[in-house]
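J.: Would you mind keeping the following structure in view while I ask a few things?
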Amino acid sequence: MTIAQAIDYFLIDQQLKGNSDKTIQGYKGFLRRFAVWLEANSVTVMDELTLQRINQYQLHIDRKQPERSGGTKLAKRSVQTYMRHIKCFVSYCYAEGFITDPIHQRMKTPKAERPVIEILTGAELNEIFACFTKSETGRRNTALIMLMVDCGLRLREVTTIKINDINLEKGYLSVMGKGRKGRIVPLGLKVRRAIMAYIYKRRQADSPEDNQYLFLTQERKPIQTACVASLMTRLKRQTGIARLHAHLFRHTFATNFLVHGIGDVYELSRLLGHSELRITEGYLQLASYYTIIEKRRRLSYLDLQQ
């Protein structure tokens with residue numbers, strides 16, 4: 001079997017698993033580049049794929065110089081992402097019998113830097129919400145960001161919510177997450193009020209043929225992730241919060257959930273829709289930093305000295 005055929009089978013398998021188009025396109029891009037490098041090094045069939053070749057490819061992308069002037073080398077985290085996708089592909093090939101050597105079990109993904117995430121403070125959130133007017137668009141943006149920061153929704157999840165997914169009376173939202181896995185997320189009182197205010201404004205302009213997606217553009221089309229990205233750019237400029245991006249709201253939710261003892265890591269994992277608990281456990285360390293900072297703010301050794 002050729003490398004190209006194996007990649008095609010793998011991508012079909014990803015579709016059958018119900019993975020999103022974005023996930024599948026990600027795999028396609030990483031694996032196509034891998035296949036091009038293999039072909040340039042005279043590896044075209046699965047029988048010729050070895051651990052040594054995979055390690056050589058890892059060194060290649062790690063050392064590769066920028067393709068354009070002013071560009072930068074791949075960050076260690078990006079190299080890690082490349083190799084994680086390749087490892088998943090190789091694991092699939094072994095399971096399907098395309099290769100007989102379980103080389104994926106001996107692959108070593110590079111260690112990447114893990115900078116401490118600086119979550120949004122209460123004052124910064126107030127600055128952000130102060131940027132929005134009481135217009136339909138302002139109400140929409142307020143509700144959208146509240147859902148991310150108070151419920152921990154992913155960007156793609158919040159842009160695909162339908163009105164029928166929301167139960168304002170009982171205070172919960174049905175979410176379709178990664179891998180088409182559904183979950184129930186509770187809604188706080190402020191979030192419910194924000195959604196109600198937006199829906200009221202929206203219905204004043206709706207026509208009978210308007211679709212049932214919750215968040216619409218002024219053209220009455222479902223909001224896209226690119227639209228939210230543009231909103232983040234404007235908010236950066238207006239508030240001066242340079243580190244702002246959509247996923248930072250999710251980080252802020254998860255960290256505060258643990259810092260303030262709203263629930264434990266198991267509950268948080270279910271709310272975030274993580275497939276594995278180890279992914280959620282990363283927030284335990286982050287929350288511990290903020291807990292220590294808060295305690296030190298109240299009780300500093302030198303401040304106690306007379």
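Residues in the structure tokens are numbered from 1 in each chain, the chains being A, B, ... in the order shown, and ligands are numbered from 1 in the order shown.
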Within 8 Å of region 131-140 of chain A, counting only C-alpha atoms, which residues qualify if same-chain residues fewer than 3 places away don't, as a list in words?
T.: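 Everything that qualifies: Glu127, Ile128, Ala143, Leu144, Ala194, Ile195, Ala197, Tyr198, Lys201, Arg202, Phe215, Thr217, Gln218, Leu235 and Gln238 of chain A.
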J.: Take the residues that were just selected and, keeping N, CA and C atoms, output them as a PDB file, in the first residue's frame.
T.:
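As written to disk, out_6.pdb reads:
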```pdb
ATOM      1  N   GLU A 127     -14.098  45.972  31.587  1.00  0.00           N
ATOM      2  CA  GLU A 127     -13.661  46.824  30.464  1.00  0.00           C
ATOM      3  C   GLU A 127     -14.225  46.304  29.147  1.00  0.00           C
ATOM      4  N   ILE A 128     -14.173  44.987  28.988  1.00  0.00           N
ATOM      5  CA  ILE A 128     -14.659  44.366  27.751  1.00  0.00           C
ATOM      6  C   ILE A 128     -16.157  44.595  27.586  1.00  0.00           C
ATOM      7  N   ALA A 143     -23.853  38.649  25.128  1.00  0.00           N
ATOM      8  CA  ALA A 143     -24.316  37.287  25.414  1.00  0.00           C
ATOM      9  C   ALA A 143     -23.302  36.245  24.953  1.00  0.00           C
ATOM     10  N   LEU A 144     -22.694  36.488  23.790  1.00  0.00           N
ATOM     11  CA  LEU A 144     -21.723  35.543  23.235  1.00  0.00           C
ATOM     12  C   LEU A 144     -20.520  35.390  24.164  1.00  0.00           C
ATOM     13  N   ALA A 194     -28.756  38.092  29.753  1.00  0.00           N
ATOM     14  CA  ALA A 194     -28.099  38.609  28.547  1.00  0.00           C
ATOM     15  C   ALA A 194     -28.677  37.970  27.292  1.00  0.00           C
ATOM     16  N   ILE A 195     -28.940  36.671  27.351  1.00  0.00           N
ATOM     17  CA  ILE A 195     -29.522  35.963  26.198  1.00  0.00           C
ATOM     18  C   ILE A 195     -30.934  36.473  25.924  1.00  0.00           C
ATOM     19  N   ALA A 197     -32.174  39.408  26.679  1.00  0.00           N
ATOM     20  CA  ALA A 197     -32.098  40.772  26.156  1.00  0.00           C
ATOM     21  C   ALA A 197     -31.739  40.764  24.679  1.00  0.00           C
ATOM     22  N   TYR A 198     -30.831  39.868  24.285  1.00  0.00           N
ATOM     23  CA  TYR A 198     -30.438  39.776  22.878  1.00  0.00           C
ATOM     24  C   TYR A 198     -31.585  39.232  22.025  1.00  0.00           C
ATOM     25  N   LYS A 201     -34.165  41.871  21.353  1.00  0.00           N
ATOM     26  CA  LYS A 201     -33.704  42.818  20.332  1.00  0.00           C
ATOM     27  C   LYS A 201     -33.720  42.173  18.947  1.00  0.00           C
ATOM     28  N   ARG A 202     -33.299  40.926  18.890  1.00  0.00           N
ATOM     29  CA  ARG A 202     -33.186  40.232  17.612  1.00  0.00           C
ATOM     30  C   ARG A 202     -34.547  40.051  16.969  1.00  0.00           C
ATOM     31  N   PHE A 215     -26.986  33.263  17.343  1.00  0.00           N
ATOM     32  CA  PHE A 215     -26.223  34.473  17.049  1.00  0.00           C
ATOM     33  C   PHE A 215     -26.168  34.727  15.543  1.00  0.00           C
ATOM     34  N   THR A 217     -25.569  37.644  12.198  1.00  0.00           N
ATOM     35  CA  THR A 217     -24.944  38.882  11.751  1.00  0.00           C
ATOM     36  C   THR A 217     -26.041  39.878  11.383  1.00  0.00           C
ATOM     37  N   GLN A 218     -25.651  41.076  11.028  1.00  0.00           N
ATOM     38  CA  GLN A 218     -26.630  42.076  10.597  1.00  0.00           C
ATOM     39  C   GLN A 218     -27.307  41.666   9.293  1.00  0.00           C
ATOM     40  N   LEU A 235     -11.648  44.509  20.224  1.00  0.00           N
ATOM     41  CA  LEU A 235     -11.616  44.614  21.684  1.00  0.00           C
ATOM     42  C   LEU A 235     -10.191  44.816  22.199  1.00  0.00           C
ATOM     43  N   GLN A 238      -9.567  48.477  21.698  1.00  0.00           N
ATOM     44  CA  GLN A 238     -10.360  49.337  22.573  1.00  0.00           C
ATOM     45  C   GLN A 238      -9.960  49.240  24.041  1.00  0.00           C
TER      46      GLN A 238
END
```
J.: Env of region 46-63 of chain A: 9 Å cut, atoms = only C-alpha atoms, seq-sep filter 5 positions within chain, self excluded. Answer as a list in words.
T.: Met1, Thr2, Ile3, Ala6, Phe34, Trp37, Leu38, Asn41, Lys73, Leu74, Ala75, Lys76, Val79, Tyr82, Met83, Ile86, Cys93, Phe98, Ile99, Thr100, Asp101, Ile103, His104, Arg106, Met107, Lys108, Thr109 and Pro110 of chain A
J.: As a ChimeraX atom specification, list the residues of region 113-287 of chain A assigned to strand (DSSP E) by DSSP on the backbone atoms of this structure.
T.: /A:166-167,172-176,182-186
J.: I'd like the contact shell of region 15-21 of chain A - 12 Å cut-off, only C-alpha atoms, skipping same-chain residues fewer than 2 positions apart - returned as a ChimeraX atom specification.
T.: /A:8-13,23-28,156-157,176-181
J.: For those residues, write N, CA and C atoms to a file as a PDB file, in the first residue's frame.
T.:
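What follows is the written file result-v4.pdb:
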```
ATOM      1  N   ASP A   8      -5.427   8.539   2.584  1.00  0.00           N
ATOM      2  CA  ASP A   8      -6.818   8.647   2.133  1.00  0.00           C
ATOM      3  C   ASP A   8      -7.738   7.791   3.006  1.00  0.00           C
ATOM      4  N   TYR A   9      -7.323   6.556   3.303  1.00  0.00           N
ATOM      5  CA  TYR A   9      -8.119   5.674   4.159  1.00  0.00           C
ATOM      6  C   TYR A   9      -8.268   6.263   5.566  1.00  0.00           C
ATOM      7  N   PHE A  10      -7.177   6.841   6.060  1.00  0.00           N
ATOM      8  CA  PHE A  10      -7.193   7.436   7.400  1.00  0.00           C
ATOM      9  C   PHE A  10      -8.173   8.606   7.462  1.00  0.00           C
ATOM     10  N   LEU A  11      -8.172   9.448   6.427  1.00  0.00           N
ATOM     11  CA  LEU A  11      -9.066  10.609   6.394  1.00  0.00           C
ATOM     12  C   LEU A  11     -10.529  10.179   6.301  1.00  0.00           C
ATOM     13  N   ILE A  12     -10.782   9.114   5.568  1.00  0.00           N
ATOM     14  CA  ILE A  12     -12.149   8.565   5.501  1.00  0.00           C
ATOM     15  C   ILE A  12     -12.576   8.071   6.875  1.00  0.00           C
ATOM     16  N   ASP A  13     -11.644   7.413   7.581  1.00  0.00           N
ATOM     17  CA  ASP A  13     -11.936   6.916   8.928  1.00  0.00           C
ATOM     18  C   ASP A  13     -12.271   8.070   9.876  1.00  0.00           C
ATOM     19  N   THR A  23     -11.008  19.578  11.971  1.00  0.00           N
ATOM     20  CA  THR A  23     -10.085  18.536  12.435  1.00  0.00           C
ATOM     21  C   THR A  23      -9.540  17.731  11.257  1.00  0.00           C
ATOM     22  N   ILE A  24     -10.429  17.360  10.344  1.00  0.00           N
ATOM     23  CA  ILE A  24     -10.030  16.546   9.196  1.00  0.00           C
ATOM     24  C   ILE A  24      -9.087  17.323   8.289  1.00  0.00           C
ATOM     25  N   GLN A  25      -9.369  18.601   8.062  1.00  0.00           N
ATOM     26  CA  GLN A  25      -8.490  19.427   7.243  1.00  0.00           C
ATOM     27  C   GLN A  25      -7.122  19.589   7.892  1.00  0.00           C
ATOM     28  N   GLY A  26      -7.114  19.647   9.233  1.00  0.00           N
ATOM     29  CA  GLY A  26      -5.848  19.719   9.949  1.00  0.00           C
ATOM     30  C   GLY A  26      -5.005  18.484   9.704  1.00  0.00           C
ATOM     31  N   TYR A  27      -5.620  17.305   9.855  1.00  0.00           N
ATOM     32  CA  TYR A  27      -4.919  16.049   9.578  1.00  0.00           C
ATOM     33  C   TYR A  27      -4.426  16.003   8.134  1.00  0.00           C
ATOM     34  N   LYS A  28      -5.283  16.435   7.224  1.00  0.00           N
ATOM     35  CA  LYS A  28      -4.935  16.390   5.799  1.00  0.00           C
ATOM     36  C   LYS A  28      -3.698  17.227   5.511  1.00  0.00           C
ATOM     37  N   ARG A 156     -16.215  27.578  18.472  1.00  0.00           N
ATOM     38  CA  ARG A 156     -17.077  26.922  17.484  1.00  0.00           C
ATOM     39  C   ARG A 156     -18.401  26.496  18.112  1.00  0.00           C
ATOM     40  N   GLU A 157     -18.380  26.123  19.373  1.00  0.00           N
ATOM     41  CA  GLU A 157     -19.613  25.723  20.053  1.00  0.00           C
ATOM     42  C   GLU A 157     -20.570  26.899  20.196  1.00  0.00           C
ATOM     43  N   MET A 176     -23.268  20.856  21.426  1.00  0.00           N
ATOM     44  CA  MET A 176     -22.658  19.803  20.626  1.00  0.00           C
ATOM     45  C   MET A 176     -21.179  20.141  20.487  1.00  0.00           C
ATOM     46  N   GLY A 177     -20.332  19.370  21.166  1.00  0.00           N
ATOM     47  CA  GLY A 177     -18.914  19.679  21.221  1.00  0.00           C
ATOM     48  C   GLY A 177     -18.085  18.924  20.208  1.00  0.00           C
ATOM     49  N   LYS A 178     -16.780  18.842  20.497  1.00  0.00           N
ATOM     50  CA  LYS A 178     -15.847  18.147  19.613  1.00  0.00           C
ATOM     51  C   LYS A 178     -16.250  16.680  19.471  1.00  0.00           C
ATOM     52  N   GLY A 179     -16.012  16.151  18.275  1.00  0.00           N
ATOM     53  CA  GLY A 179     -16.342  14.749  18.041  1.00  0.00           C
ATOM     54  C   GLY A 179     -17.826  14.481  18.095  1.00  0.00           C
ATOM     55  N   ARG A 180     -18.626  15.537  17.922  1.00  0.00           N
ATOM     56  CA  ARG A 180     -20.090  15.443  17.952  1.00  0.00           C
ATOM     57  C   ARG A 180     -20.598  14.837  19.262  1.00  0.00           C
ATOM     58  N   LYS A 181     -19.926  15.207  20.351  1.00  0.00           N
ATOM     59  CA  LYS A 181     -20.335  14.733  21.671  1.00  0.00           C
ATOM     60  C   LYS A 181     -21.145  15.824  22.358  1.00  0.00           C
TER      61      LYS A 181
END
```
J.: Fewer than 6 positions away in the same chain doesn't count, so skip those; otherwise give me all residues within 12 Å of Thr255 (chain A), counting only C-alpha atoms, as number ranges by chain.
T.: A: 116-121, 149-152, 248-249, 261-265, 268-269, 272, 280-291
J.: Would you output that residue set with N, CA and C atoms, as a compact mmCIF listing (two decimals), in the first residue's frame?
T.:
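So the final result, stored in result29.txt, reads:
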```
# COMPACT_ATOMS: atom_id res chain seq x y z
N VAL A 116 2.73 29.99 31.57
CA VAL A 116 1.59 30.13 32.45
C VAL A 116 0.59 31.08 31.81
N ILE A 117 -0.66 30.66 31.74
CA ILE A 117 -1.72 31.47 31.13
C ILE A 117 -2.15 32.55 32.11
N GLU A 118 -2.17 33.78 31.65
CA GLU A 118 -2.65 34.89 32.46
C GLU A 118 -4.12 35.11 32.13
N ILE A 119 -4.99 34.63 33.03
CA ILE A 119 -6.43 34.73 32.78
C ILE A 119 -6.90 36.18 32.92
N LEU A 120 -8.10 36.42 32.52
CA LEU A 120 -8.67 37.76 32.59
C LEU A 120 -9.13 38.07 34.02
N THR A 121 -8.86 39.28 34.46
CA THR A 121 -9.30 39.71 35.78
C THR A 121 -10.73 40.24 35.70
N VAL A 149 -17.21 32.93 28.90
CA VAL A 149 -16.50 33.17 30.16
C VAL A 149 -17.24 32.61 31.38
N ASP A 150 -18.56 32.39 31.26
CA ASP A 150 -19.31 31.88 32.40
C ASP A 150 -19.74 30.43 32.24
N CYS A 151 -19.58 29.90 31.01
CA CYS A 151 -19.95 28.50 30.75
C CYS A 151 -18.80 27.70 30.16
N GLY A 152 -17.73 28.38 29.75
CA GLY A 152 -16.56 27.68 29.22
C GLY A 152 -16.73 27.12 27.83
N LEU A 248 -9.21 32.50 25.58
CA LEU A 248 -8.83 32.98 26.91
C LEU A 248 -10.04 33.06 27.83
N PHE A 249 -11.22 33.26 27.27
CA PHE A 249 -12.44 33.26 28.10
C PHE A 249 -12.69 31.87 28.68
N GLY A 261 -13.75 27.24 44.09
CA GLY A 261 -14.38 26.05 44.66
C GLY A 261 -15.80 25.80 44.18
N ILE A 262 -16.10 26.22 42.96
CA ILE A 262 -17.45 25.99 42.42
C ILE A 262 -17.69 24.50 42.22
N GLY A 263 -16.65 23.78 41.90
CA GLY A 263 -16.74 22.33 41.72
C GLY A 263 -15.35 21.74 41.64
N ASP A 264 -15.28 20.42 41.45
CA ASP A 264 -13.97 19.76 41.37
C ASP A 264 -13.57 19.53 39.92
N VAL A 265 -12.40 18.94 39.72
CA VAL A 265 -11.86 18.76 38.38
C VAL A 265 -12.69 17.79 37.55
N LEU A 268 -15.60 19.84 36.28
CA LEU A 268 -15.08 20.76 35.28
C LEU A 268 -14.83 20.04 33.96
N SER A 269 -14.30 18.84 34.03
CA SER A 269 -14.02 18.07 32.82
C SER A 269 -15.29 17.82 32.02
N LEU A 272 -16.50 21.17 30.43
CA LEU A 272 -15.66 21.59 29.31
C LEU A 272 -15.77 20.66 28.10
N THR A 280 -8.02 18.19 31.49
CA THR A 280 -8.58 19.13 32.47
C THR A 280 -7.61 19.36 33.62
N GLU A 281 -6.83 18.35 33.96
CA GLU A 281 -5.94 18.45 35.12
C GLU A 281 -4.90 19.56 34.97
N GLY A 282 -4.65 20.00 33.74
CA GLY A 282 -3.74 21.11 33.53
C GLY A 282 -4.22 22.38 34.22
N TYR A 283 -5.54 22.50 34.40
CA TYR A 283 -6.09 23.67 35.08
C TYR A 283 -5.86 23.62 36.59
N LEU A 284 -5.60 22.44 37.13
CA LEU A 284 -5.33 22.33 38.56
C LEU A 284 -4.08 23.12 38.94
N GLN A 285 -3.02 22.96 38.13
CA GLN A 285 -1.78 23.68 38.39
C GLN A 285 -1.98 25.18 38.20
N LEU A 286 -2.70 25.56 37.15
CA LEU A 286 -2.95 26.97 36.90
C LEU A 286 -3.75 27.59 38.05
N ALA A 287 -4.77 26.88 38.51
CA ALA A 287 -5.60 27.39 39.61
C ALA A 287 -4.78 27.52 40.89
N SER A 288 -3.84 26.59 41.10
CA SER A 288 -3.03 26.65 42.32
C SER A 288 -2.16 27.91 42.34
N TYR A 289 -1.67 28.33 41.17
CA TYR A 289 -0.87 29.56 41.09
C TYR A 289 -1.70 30.76 41.54
N TYR A 290 -2.91 30.84 41.02
CA TYR A 290 -3.76 31.99 41.35
C TYR A 290 -4.23 31.95 42.80
N THR A 291 -4.39 30.76 43.35
CA THR A 291 -4.75 30.64 44.76
C THR A 291 -3.61 31.14 45.63
```
J.: Looking at only C-alpha atoms, which of A:Ile292, A:Ser42, A:Tyr92, A:Lys87 is the one that sits closest to Gln14 (chain A)?
T.: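 Distance minimum relative to Gln14 (chain A) lands on A:Tyr92.
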J.: Name the residues of region 52-238 of chain A that fall into alpha helix (DSSP H) according to DSSP on the backbone, using the chain letters and numbers of this document, as JSON, numbers by chain.
T.: {"A": [52, 53, 54, 55, 56, 57, 58, 59, 60, 61, 62, 63, 76, 77, 78, 79, 80, 81, 82, 83, 84, 85, 86, 87, 88, 89, 90, 91, 92, 93, 94, 95, 96, 122, 123, 124, 125, 126, 127, 128, 129, 136, 137, 138, 139, 140, 141, 142, 143, 144, 145, 146, 147, 148, 149, 150, 151, 155, 156, 157, 158, 159, 189, 190, 191, 192, 193, 194, 195, 196, 197, 198, 199, 200, 201, 202, 203, 204, 205, 225, 226, 227, 228, 229, 230, 231, 232, 233, 234, 235, 236, 237, 238]}
J.: Go ahead and compute the interatomic distance for CA of Leu168 (chain A) and CA of Ile145 (chain A), in Å to one decimal.
T.: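 According to the coordinates, CA of Leu168 (chain A) and CA of Ile145 (chain A) are separated by 17.2 Å.
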J.: Just how far from CA of Ala226 (chain A) is CA of Leu189 (chain A), in Å to one decimal?
T.: 28.5 Å
J.: How many Å lie between CA of Phe129 (chain A) and CA of Thr142 (chain A), rounded to one decimal?
T.: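 Going from CA of Phe129 (chain A) over to CA of Thr142 (chain A), I get 6.4 Å.
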